[in-house]
$ cat final-v8.csv   # CSV, C-alpha atoms
chain,number,residue,atom,x,y,z
A,11,MET,CA,40.4,-34.1,-25.7
A,12,LYS,CA,43.0,-32.6,-23.3
A,13,CYS,CA,43.7,-33.8,-19.8
A,14,LYS,CA,42.0,-30.7,-18.3
A,15,ASP,CA,38.8,-31.4,-20.2
A,16,THR,CA,38.9,-35.1,-19.5
A,17,ARG,CA,39.3,-34.5,-15.7
A,18,LYS,CA,36.4,-32.1,-15.8
A,19,ALA,CA,34.2,-34.6,-17.6
A,20,LEU,CA,35.1,-37.6,-15.4
A,21,SER,CA,32.4,-37.0,-12.9
A,22,ARG,CA,29.7,-36.9,-15.6
A,23,TYR,CA,31.4,-39.9,-17.4
A,24,LEU,CA,31.2,-42.0,-14.2
A,25,ASP,CA,27.5,-41.0,-13.7
A,26,HIS,CA,26.6,-41.8,-17.4
A,27,GLU,CA,25.7,-38.2,-18.0
A,28,LEU,CA,27.8,-37.7,-21.2
A,29,SER,CA,26.5,-37.9,-24.7
A,30,SER,CA,27.8,-40.8,-26.8
A,31,THR,CA,30.2,-38.4,-28.6
A,32,GLU,CA,31.6,-37.0,-25.3
A,33,THR,CA,31.8,-40.5,-23.9
A,34,ALA,CA,33.8,-41.7,-26.9
A,35,SER,CA,36.2,-38.7,-26.6
A,36,VAL,CA,36.8,-39.4,-22.9
A,37,GLU,CA,37.4,-43.0,-23.5
A,38,ALA,CA,39.8,-42.2,-26.3
A,39,HIS,CA,41.8,-39.9,-24.1
A,40,LEU,CA,41.8,-42.4,-21.2
A,41,ALA,CA,43.2,-45.1,-23.5
A,42,GLN,CA,46.3,-43.1,-24.2
A,43,CYS,CA,46.8,-41.1,-20.9
A,44,PRO,CA,48.0,-43.0,-17.8
A,45,GLU,CA,47.6,-40.0,-15.5
A,46,CYS,CA,43.9,-39.5,-16.4
A,47,ARG,CA,43.4,-43.3,-16.1
A,48,THR,CA,44.8,-43.2,-12.6
A,49,GLU,CA,42.4,-40.3,-11.7
A,50,HIS,CA,39.5,-42.2,-13.3
A,51,SER,CA,40.3,-45.3,-11.3
A,52,ALA,CA,40.5,-43.3,-8.1
A,53,GLN,CA,37.1,-41.7,-8.7
A,54,GLN,CA,35.6,-45.0,-9.6
A,55,ARG,CA,37.0,-46.6,-6.4
A,56,LEU,CA,35.6,-43.7,-4.4
A,57,TRP,CA,32.1,-44.2,-5.9
A,58,THR,CA,32.3,-47.9,-5.3
A,59,LEU,CA,33.4,-47.3,-1.7
A,60,LEU,CA,30.4,-45.0,-1.0
A,61,GLY,CA,28.2,-47.8,-2.2
A,62,ARG,CA,29.6,-50.1,0.6
A,63,ALA,CA,27.7,-48.0,3.2
A,64,GLU,CA,25.1,-50.3,4.5
A,65,PRO,CA,21.5,-49.6,3.4
A,66,ILE,CA,19.5,-47.7,5.9
A,67,ARG,CA,16.4,-49.4,7.3
A,68,SER,CA,13.4,-47.0,7.3
A,69,PRO,CA,10.9,-47.3,10.2
A,70,ASP,CA,7.3,-47.7,9.3
A,71,LEU,CA,6.0,-44.1,9.2
A,72,ILE,CA,2.5,-44.8,7.7
A,73,ALA,CA,0.5,-44.6,11.0
A,74,ALA,CA,2.4,-41.6,12.3
A,75,THR,CA,2.1,-39.8,9.0
A,76,GLU,CA,-1.6,-40.4,8.8
A,77,ALA,CA,-2.1,-39.3,12.4
A,78,ARG,CA,-0.1,-36.1,11.6
A,79,LEU,CA,-2.2,-35.5,8.6
A,80,SER,CA,-5.5,-36.0,10.5
A,81,GLU,CA,-4.3,-33.6,13.3
A,82,ARG,CA,-3.2,-31.0,10.8
A,83,ARG,CA,-6.5,-31.4,8.8
A,84,GLY,CA,-8.4,-31.0,12.0
A,85,TRP,CA,-6.7,-27.7,12.7
A,86,THR,CA,-7.0,-26.6,9.1
A,87,ALA,CA,-10.8,-27.3,9.1
A,88,PHE,CA,-11.1,-25.4,12.4
A,89,PHE,CA,-9.3,-22.4,11.0
A,90,ALA,CA,-11.1,-22.7,7.7
A,91,GLY,CA,-14.4,-22.7,9.6
A,92,LEU,CA,-13.3,-19.7,11.5
A,93,ARG,CA,-12.5,-17.9,8.2
A,94,LEU,CA,-15.9,-18.8,6.8
A,95,ARG,CA,-17.7,-17.6,9.9
A,96,SER,CA,-15.5,-14.6,10.4
A,97,ILE,CA,-17.8,-12.2,8.7
A,98,GLY,CA,-20.7,-13.4,10.8
A,99,TYR,CA,-18.6,-13.3,14.0
A,100,ALA,CA,-17.3,-9.8,13.2
A,101,THR,CA,-20.8,-8.5,12.5
A,102,ALA,CA,-22.2,-10.0,15.7
A,103,VAL,CA,-19.3,-8.7,17.8
A,104,THR,CA,-19.6,-5.2,16.3
A,105,ALA,CA,-23.3,-5.2,16.8
A,106,LEU,CA,-23.0,-6.3,20.4
A,107,VAL,CA,-20.3,-3.7,21.2
A,108,GLY,CA,-22.3,-1.0,19.5
A,109,LEU,CA,-25.4,-2.0,21.5
A,110,PHE,CA,-23.5,-1.8,24.7
A,111,VAL,CA,-22.0,1.5,23.9
A,112,TRP,CA,-25.3,2.9,22.7
A,113,THR,CA,-27.1,1.6,25.7
A,114,GLY,CA,-24.5,2.9,28.1
A,115,VAL,CA,-24.6,6.4,26.5
A,116,TRP,CA,-28.4,6.4,26.4
A,117,ALA,CA,-28.7,5.1,30.0
A,118,GLY,CA,-26.2,7.7,31.2
A,119,THR,CA,-27.9,10.5,29.4
A,120,ALA,CA,-31.3,9.3,30.6
A,121,ARG,CA,-30.2,8.8,34.2
A,122,HIS,CA,-28.6,12.3,34.3
A,123,GLY,CA,-31.8,13.9,32.8
A,124,TYR,CA,-34.0,12.0,35.2
A,125,ASP,CA,-32.0,12.9,38.2
A,126,VAL,CA,-32.1,16.6,37.3
A,127,GLY,CA,-35.8,16.4,36.7
A,128,GLU,CA,-36.5,14.5,39.9
A,129,HIS,CA,-34.4,17.0,41.8
A,130,ASP,CA,-36.3,19.8,40.2
A,131,ARG,CA,-39.7,18.2,40.8
A,132,SER,CA,-38.9,17.4,44.4
A,133,PHE,CA,-37.7,20.8,45.0
A,134,ALA,CA,-40.7,22.2,43.4
A,135,GLU,CA,-43.0,20.0,45.4
A,136,ILE,CA,-41.3,21.0,48.6
A,137,LEU,CA,-41.9,24.6,47.6
A,138,ASN,CA,-45.5,23.9,46.5
A,139,ASP,CA,-44.8,23.9,42.8
A,140,THR,CA,-43.6,27.4,42.8
A,141,PRO,CA,-40.2,28.7,42.0
A,142,PRO,CA,-38.0,28.6,45.1
A,143,GLY,CA,-37.2,32.3,44.9
A,144,MET,CA,-40.8,33.4,44.8
A,145,GLU,CA,-41.9,31.1,47.6
A,146,VAL,CA,-39.1,32.4,49.8
A,147,ALA,CA,-40.1,35.9,48.9
A,148,ALA,CA,-43.8,35.2,49.7
A,149,ILE,CA,-42.9,33.7,53.0
A,150,LEU,CA,-40.7,36.6,53.8
A,151,ASP,CA,-43.5,38.9,52.7
A,152,GLN,CA,-45.9,37.1,55.0
A,153,ILE,CA,-43.7,37.4,58.0
A,154,GLY,CA,-42.9,41.0,57.2
A,155,GLU,CA,-39.3,40.4,56.4
A,156,GLN,CA,-37.6,41.9,53.4
A,157,PRO,CA,-35.8,39.5,51.1
B,1,MET,CA,6.8,-49.4,-22.1
B,2,THR,CA,9.7,-49.3,-19.7
B,3,GLU,CA,9.4,-50.0,-16.0
B,4,ARG,CA,10.3,-46.4,-15.2
B,5,THR,CA,7.4,-45.1,-17.4
B,6,THR,CA,5.0,-47.5,-15.8
B,7,THR,CA,6.0,-46.4,-12.3
B,8,ALA,CA,5.7,-42.7,-13.3
B,9,GLU,CA,2.2,-43.3,-14.7
B,10,GLN,CA,1.2,-45.2,-11.5
B,11,ASP,CA,2.6,-42.4,-9.4
B,12,LEU,CA,0.7,-39.8,-11.4
B,13,ASP,CA,-2.5,-41.8,-10.9
B,14,VAL,CA,-1.8,-42.0,-7.2
B,15,ILE,CA,-1.0,-38.3,-6.8
B,16,GLN,CA,-4.2,-37.3,-8.6
B,17,ARG,CA,-6.2,-39.5,-6.2
B,18,VAL,CA,-4.3,-38.0,-3.3
B,19,GLY,CA,-5.2,-34.5,-4.7
B,20,ALA,CA,-8.9,-35.6,-4.6
B,21,GLY,CA,-8.5,-36.4,-0.9
B,22,ASP,CA,-8.2,-40.2,-1.3
B,23,ARG,CA,-6.7,-41.4,2.0
B,24,ALA,CA,-6.0,-44.9,0.7
B,25,ALA,CA,-3.9,-43.4,-2.2
B,26,PHE,CA,-2.1,-41.2,0.4
B,27,ARG,CA,-1.3,-44.3,2.4
B,28,ALA,CA,0.0,-46.0,-0.8
B,29,LEU,CA,2.2,-43.0,-1.5
B,30,VAL,CA,3.7,-43.0,2.0
B,31,GLU,CA,4.2,-46.8,1.8
B,32,ARG,CA,6.0,-46.5,-1.5
B,33,TYR,CA,8.3,-43.5,-0.8
B,34,GLN,CA,8.9,-43.6,2.9
B,35,GLY,CA,12.1,-45.7,2.5
B,36,PRO,CA,13.9,-43.6,-0.1
B,37,LEU,CA,12.8,-40.3,1.5
B,38,TYR,CA,13.9,-41.5,5.0
B,39,THR,CA,17.2,-42.7,3.7
B,40,PHE,CA,17.9,-39.4,2.0
B,41,VAL,CA,16.7,-37.2,4.9
B,42,LEU,CA,18.6,-39.2,7.5
B,43,ARG,CA,21.8,-38.8,5.5
B,44,MET,CA,21.1,-35.1,5.4
B,45,VAL,CA,20.2,-34.5,9.1
B,46,ARG,CA,21.9,-37.6,10.7
B,47,ARG,CA,19.3,-37.9,13.5
B,48,PRO,CA,16.7,-40.6,13.2
B,49,ALA,CA,14.0,-38.7,15.3
B,50,ILE,CA,14.4,-35.5,13.2
B,51,ALA,CA,14.5,-37.5,10.0
B,52,GLU,CA,11.2,-39.2,10.9
B,53,GLU,CA,9.6,-35.8,11.7
B,54,LEU,CA,10.8,-34.3,8.4
B,55,VAL,CA,9.6,-37.2,6.3
B,56,GLN,CA,6.2,-37.2,7.9
B,57,GLU,CA,6.0,-33.4,7.3
B,58,SER,CA,7.1,-33.9,3.7
B,59,PHE,CA,4.2,-36.2,3.1
B,60,VAL,CA,1.7,-34.0,4.9
B,61,ARG,CA,2.9,-31.1,2.7
B,62,ALA,CA,2.6,-33.3,-0.4
B,63,PHE,CA,-1.0,-34.1,0.5
B,64,ARG,CA,-1.8,-30.5,0.8
B,65,ALA,CA,0.0,-29.5,-2.4
B,66,ALA,CA,-1.2,-32.6,-4.4
B,67,PRO,CA,-4.3,-30.8,-6.0
B,68,ARG,CA,-1.8,-28.3,-7.5
B,69,PHE,CA,0.7,-31.0,-8.7
B,70,LYS,CA,1.9,-30.4,-12.3
B,71,PRO,CA,3.3,-33.4,-14.2
B,72,ALA,CA,6.3,-31.3,-15.4
B,73,ALA,CA,8.4,-33.2,-12.9
B,74,SER,CA,7.9,-36.8,-11.8
B,75,VAL,CA,6.2,-37.5,-8.5
B,76,SER,CA,9.4,-38.9,-7.1
B,77,THR,CA,11.4,-35.8,-8.0
B,78,TRP,CA,8.6,-33.6,-6.5
B,79,LEU,CA,8.6,-35.6,-3.2
B,80,PHE,CA,12.3,-35.4,-3.0
B,81,HIS,CA,12.1,-31.7,-3.7
B,82,ILE,CA,9.7,-31.2,-0.7
B,83,ALA,CA,11.8,-33.4,1.6
B,84,ALA,CA,15.1,-31.7,0.4
B,85,ARG,CA,13.9,-28.2,1.3
B,86,LEU,CA,13.1,-29.3,4.8
B,87,ALA,CA,16.2,-31.4,5.2
B,88,MET,CA,18.5,-28.8,3.7
B,89,ASN,CA,17.2,-26.2,6.1
B,90,GLU,CA,17.8,-28.5,9.1
B,91,ALA,CA,21.2,-29.6,7.7
B,92,ALA,CA,22.3,-26.0,7.1
B,93,ARG,CA,21.2,-25.1,10.7
B,94,ALA,CA,23.2,-28.1,12.1
B,95,HIS,CA,26.2,-27.4,9.8
B,96,HIS,CA,26.1,-23.7,11.0
B,97,HIS,CA,26.1,-24.9,14.6
B,98,HIS,CA,28.7,-27.6,13.9
B,99,GLU,CA,26.3,-30.3,15.0
B,100,LEU,CA,28.0,-32.9,12.8
B,101,ALA,CA,27.9,-35.9,15.1
B,102,GLY,CA,24.9,-38.0,14.5
B,103,ASP,CA,23.4,-41.3,15.6
B,104,VAL,CA,24.5,-44.5,13.9
B,105,PRO,CA,21.9,-45.3,11.2
B,106,ASP,CA,19.7,-48.3,11.8
B,107,VAL,CA,21.0,-50.8,9.3
B,108,PRO,CA,19.8,-54.3,8.5
B,109,THR,CA,22.0,-56.9,10.1
B,110,GLU,CA,22.9,-59.7,7.9
B,111,VAL,CA,24.3,-63.0,9.1
B,112,ARG,CA,28.0,-62.3,9.4
B,113,GLY,CA,30.8,-63.0,11.8
B,114,PRO,CA,31.4,-60.6,14.7
B,115,LEU,CA,34.6,-59.3,13.2
B,116,GLU,CA,33.1,-58.8,9.7
B,117,GLU,CA,30.1,-57.1,11.2
B,118,LEU,CA,32.3,-54.8,13.2
B,119,GLU,CA,34.4,-53.9,10.2
B,120,GLN,CA,31.3,-53.3,8.1
B,121,LYS,CA,29.8,-51.0,10.7
B,122,GLU,CA,33.1,-49.1,11.0
B,123,LEU,CA,33.3,-48.7,7.3
B,124,SER,CA,29.7,-47.5,7.1
B,125,TRP,CA,30.3,-45.1,10.0
B,126,THR,CA,33.4,-43.7,8.3
B,127,ILE,CA,31.5,-43.2,5.0
B,128,GLU,CA,28.6,-41.5,6.8
B,129,GLU,CA,31.0,-39.3,8.7
B,130,ALA,CA,32.7,-38.3,5.5
B,131,LEU,CA,29.3,-37.4,3.9
B,132,ALA,CA,28.4,-35.4,6.9
B,133,GLN,CA,31.5,-33.2,6.4
B,134,LEU,CA,30.2,-32.0,3.0
B,135,PRO,CA,28.2,-28.8,2.8
B,136,PRO,CA,24.4,-29.6,2.7
B,137,GLN,CA,24.0,-29.0,-1.0
B,138,GLN,CA,27.0,-31.1,-2.0
B,139,ARG,CA,25.9,-33.8,0.4
B,140,ALA,CA,22.4,-33.9,-1.1
B,141,ALA,CA,23.8,-34.1,-4.6
B,142,VAL,CA,26.0,-37.0,-3.7
B,143,VAL,CA,23.3,-38.9,-1.9
B,144,LEU,CA,20.8,-38.4,-4.7
B,145,ALA,CA,23.4,-39.4,-7.4
B,146,ARG,CA,25.1,-42.3,-5.7
B,147,PHE,CA,22.3,-43.8,-3.5
B,148,GLU,CA,19.2,-42.9,-5.5
B,149,ASP,CA,20.8,-43.2,-9.0
B,150,MET,CA,19.1,-39.9,-9.8
B,151,PRO,CA,20.0,-38.2,-13.1
B,152,TYR,CA,21.6,-34.8,-12.9
B,153,ARG,CA,18.6,-33.2,-14.5
B,154,GLU,CA,16.3,-34.6,-11.7
B,155,ILE,CA,18.9,-33.6,-9.0
B,156,GLY,CA,18.8,-30.1,-10.4
B,157,LYS,CA,15.0,-30.0,-10.0
B,158,VAL,CA,15.2,-31.3,-6.5
B,159,LEU,CA,17.8,-28.8,-5.5
B,160,GLU,CA,16.6,-26.0,-7.7
B,161,VAL,CA,19.9,-25.6,-9.5
B,162,SER,CA,21.0,-26.1,-13.1
B,163,THR,CA,22.4,-29.3,-14.4
B,164,GLY,CA,25.8,-27.6,-14.7
B,165,ALA,CA,25.6,-26.6,-11.1
B,166,VAL,CA,24.9,-30.2,-10.1
B,167,ASP,CA,28.0,-31.3,-12.0
B,168,GLY,CA,30.0,-28.6,-10.1
B,169,LEU,CA,28.6,-29.8,-6.7
B,170,LEU,CA,29.5,-33.4,-7.4
B,171,GLN,CA,33.0,-32.6,-8.6
B,172,ARG,CA,33.7,-30.6,-5.4
B,173,ALA,CA,32.1,-33.3,-3.3
B,174,ARG,CA,34.2,-36.0,-4.9
B,175,GLN,CA,37.4,-34.0,-4.2
B,176,THR,CA,36.5,-33.6,-0.6
B,177,LEU,CA,35.4,-37.2,-0.2
B,178,ALA,CA,38.6,-38.5,-1.8
B,179,ARG,CA,40.6,-36.6,0.7
B,180,LEU,CA,38.5,-37.7,3.7
B,181,LEU,CA,38.3,-41.3,2.7
B,182,ARG,CA,41.9,-41.7,1.5
B,183,PRO,CA,43.0,-43.9,4.5
B,184,VAL,CA,40.1,-46.3,3.9
B,185,PRO,CA,41.4,-49.4,2.0
$ encode --input "final-v8.csv" --output "structure tokens"
Amino acid sequence: MKCKDTRKALSRYLDHELSSTETASVEAHLAQCPECRTEHSAQQRLWTLLGRAEPIRSPDLIAATEARLSERRGWTAFFAGLRLRSIGYATAVTALVGLFVWTGVWAGTARHGYDVGEHDRSFAEILNDTPPGMEVAAILDQIGEQP
Amino acid sequence: MTERTTTAEQDLDVIQRVGAGDRAAFRALVERYQGPLYTFVLRMVRRPAIAEELVQESFVRAFRAAPRFKPAASVSTWLFHIAARLAMNEAARAHHHHELAGDVPDVPTEVRGPLEELEQKELSWTIEEALAQLPPQQRAAVVLARFEDMPYREIGKVLEVSTGAVDGLLQRARQTLARLLRPVP
């Protein structure tokens, strides 16, 4: 094994990621190459140094995590319920809107028709159920005036 | 049967019960993995409050995804994968905004002299600072390899990269760390 290949394999060698054959090749090269031994020692020291970082103490997250889950599940259930009921809600809302629109249109049409009829009837009543033109003509005839 | 196999089988049993909505199993899962996940996430994001949030979120996501868990990966790898995605996003955001300074990790205090304690704290601080200088993916690879003793294959699954890519990440990280930590005796 050459120096270049050994240097490339050092990381995996230190992390015990090499096969037994590769390990034997690296160790054989290290035994006869001072430069690569120096590099190996430096990498080993670095890895050992990292291990001197003090272990981190984790806070107890059980209660907070359970609370978070409950909160999330509550919202999930709410939205899931909404989804399940969405068809019913949509149908009801559509029916209501349709009813309002239909009622409005019908009422408008009916009111308009009634007003016209009432107007006509009142007018006819005033003129003794005769067409206005004829009544006026009759009155004029009676008083001797020409229409 | 090895200890690792036994643990993996226990984890599988726990995650199946979590998938069935068993809250006691969920509690056991959090109790077992909160330490390793918090340590990993804190080294990624460097802020305890954010690390706590992300670890909690990781477990909530694990609870929701548990019914779909496939034993192709170990439960441990799967949990680290969930936490890594969240932590990497946050670390990448902080790295992009140069938010490298963090809080001093809460470490257990052993009985030591004041000078020794100070030296140890300084050393820890220097190491954590050096780790924080690494790009998020390299940092994650180093933390998983060095502090969690995770094999490259598992690291690859956590980070969604090949084993060869993990080797490359660790080689580059080692070079950077060697340069940053050279003055440390």
$ closest_atom_pairs --input "final-v8.csv" --of "chain B" --to "chain A" --cutoff "9 Å" --atoms "only C-alpha atoms" --output "JSON lines"
{"residue": "B:Arg23", "atom": "CA", "partner": "A:Glu76", "partner_atom": "CA", "distance": 8.6}
{"residue": "B:Phe26", "atom": "CA", "partner": "A:Glu76", "partner_atom": "CA", "distance": 8.5}
{"residue": "B:Arg27", "atom": "CA", "partner": "A:Ile72", "partner_atom": "CA", "distance": 6.5}
{"residue": "B:Ala28", "atom": "CA", "partner": "A:Ile72", "partner_atom": "CA", "distance": 8.9}
{"residue": "B:Val30", "atom": "CA", "partner": "A:Ile72", "partner_atom": "CA", "distance": 6.1}
{"residue": "B:Glu31", "atom": "CA", "partner": "A:Ile72", "partner_atom": "CA", "distance": 6.5}
{"residue": "B:Gln34", "atom": "CA", "partner": "A:Leu71", "partner_atom": "CA", "distance": 7.0}
{"residue": "B:Gly35", "atom": "CA", "partner": "A:Ser68", "partner_atom": "CA", "distance": 5.1}
{"residue": "B:Pro36", "atom": "CA", "partner": "A:Ser68", "partner_atom": "CA", "distance": 8.2}
{"residue": "B:Leu37", "atom": "CA", "partner": "A:Ser68", "partner_atom": "CA", "distance": 8.9}
{"residue": "B:Tyr38", "atom": "CA", "partner": "A:Ser68", "partner_atom": "CA", "distance": 6.0}
{"residue": "B:Thr39", "atom": "CA", "partner": "A:Ile66", "partner_atom": "CA", "distance": 5.9}
{"residue": "B:Leu42", "atom": "CA", "partner": "A:Ile66", "partner_atom": "CA", "distance": 8.7}
{"residue": "B:Glu52", "atom": "CA", "partner": "A:Leu71", "partner_atom": "CA", "distance": 7.3}
{"residue": "B:Glu53", "atom": "CA", "partner": "A:Thr75", "partner_atom": "CA", "distance": 8.9}
{"residue": "B:Val55", "atom": "CA", "partner": "A:Leu71", "partner_atom": "CA", "distance": 8.3}
{"residue": "B:Gln56", "atom": "CA", "partner": "A:Thr75", "partner_atom": "CA", "distance": 5.0}
{"residue": "B:Glu57", "atom": "CA", "partner": "A:Thr75", "partner_atom": "CA", "distance": 7.7}
{"residue": "B:Phe59", "atom": "CA", "partner": "A:Thr75", "partner_atom": "CA", "distance": 7.2}
{"residue": "B:Val60", "atom": "CA", "partner": "A:Leu79", "partner_atom": "CA", "distance": 5.6}
{"residue": "B:Arg61", "atom": "CA", "partner": "A:Leu79", "partner_atom": "CA", "distance": 9.0}
{"residue": "B:Phe63", "atom": "CA", "partner": "A:Leu79", "partner_atom": "CA", "distance": 8.3}
{"residue": "B:Pro105", "atom": "CA", "partner": "A:Ile66", "partner_atom": "CA", "distance": 6.3}
{"residue": "B:Asp106", "atom": "CA", "partner": "A:Arg67", "partner_atom": "CA", "distance": 5.7}
{"residue": "B:Val107", "atom": "CA", "partner": "A:Ile66", "partner_atom": "CA", "distance": 4.8}
{"residue": "B:Pro108", "atom": "CA", "partner": "A:Arg67", "partner_atom": "CA", "distance": 6.1}
{"residue": "B:Gln120", "atom": "CA", "partner": "A:Glu64", "partner_atom": "CA", "distance": 7.8}
{"residue": "B:Lys121", "atom": "CA", "partner": "A:Glu64", "partner_atom": "CA", "distance": 7.8}
{"residue": "B:Leu123", "atom": "CA", "partner": "A:Ala63", "partner_atom": "CA", "distance": 7.0}
{"residue": "B:Ser124", "atom": "CA", "partner": "A:Ala63", "partner_atom": "CA", "distance": 4.4}
{"residue": "B:Trp125", "atom": "CA", "partner": "A:Ala63", "partner_atom": "CA", "distance": 7.8}
{"residue": "B:Thr126", "atom": "CA", "partner": "A:Ala63", "partner_atom": "CA", "distance": 8.8}
{"residue": "B:Ile127", "atom": "CA", "partner": "A:Leu60", "partner_atom": "CA", "distance": 6.4}
{"residue": "B:Glu128", "atom": "CA", "partner": "A:Ala63", "partner_atom": "CA", "distance": 7.5}
{"residue": "B:Ala145", "atom": "CA", "partner": "A:Asp25", "partner_atom": "CA", "distance": 7.7}
{"residue": "B:Arg146", "atom": "CA", "partner": "A:Gly61", "partner_atom": "CA", "distance": 7.2}
{"residue": "B:Phe147", "atom": "CA", "partner": "A:Gly61", "partner_atom": "CA", "distance": 7.2}
{"residue": "B:Asp149", "atom": "CA", "partner": "A:Asp25", "partner_atom": "CA", "distance": 8.5}
{"residue": "B:Pro151", "atom": "CA", "partner": "A:Glu27", "partner_atom": "CA", "distance": 7.5}
{"residue": "B:Tyr152", "atom": "CA", "partner": "A:Glu27", "partner_atom": "CA", "distance": 7.4}
{"residue": "B:Asp167", "atom": "CA", "partner": "A:Arg22", "partner_atom": "CA", "distance": 6.9}
{"residue": "B:Leu170", "atom": "CA", "partner": "A:Ser21", "partner_atom": "CA", "distance": 7.2}
{"residue": "B:Gln171", "atom": "CA", "partner": "A:Ser21", "partner_atom": "CA", "distance": 6.2}
{"residue": "B:Arg174", "atom": "CA", "partner": "A:Gln53", "partner_atom": "CA", "distance": 7.4}
{"residue": "B:Gln175", "atom": "CA", "partner": "A:Gln53", "partner_atom": "CA", "distance": 8.9}
{"residue": "B:Leu177", "atom": "CA", "partner": "A:Leu56", "partner_atom": "CA", "distance": 7.7}
{"residue": "B:Ala178", "atom": "CA", "partner": "A:Leu56", "partner_atom": "CA", "distance": 6.5}
{"residue": "B:Leu181", "atom": "CA", "partner": "A:Leu56", "partner_atom": "CA", "distance": 8.0}
{"residue": "B:Arg182", "atom": "CA", "partner": "A:Leu56", "partner_atom": "CA", "distance": 8.9}
{"residue": "B:Val184", "atom": "CA", "partner": "A:Leu59", "partner_atom": "CA", "distance": 8.8}
$ atom_distance --input "final-v8.csv" --atom1 "atom CA of A:Tyr23" --atom2 "atom CA of A:Ser51"
12.1 Å
$ atom_distance --input "final-v8.csv" --atom1 "atom CA of B:Arg46" --atom2 "atom CA of B:Ala91"
8.6 Å
$ atom_distance --input "final-v8.csv" --atom1 "atom CA of B:Glu160" --atom2 "atom CA of B:Pro135"
15.9 Å
$ residues_around --input "final-v8.csv" --residues "B:Val75" --least-positions-apart "6" --cutoff "9 Å" --atoms "only C-alpha atoms" --output "PyMOL selection string"
chain B and resi 8+11-12+15+69
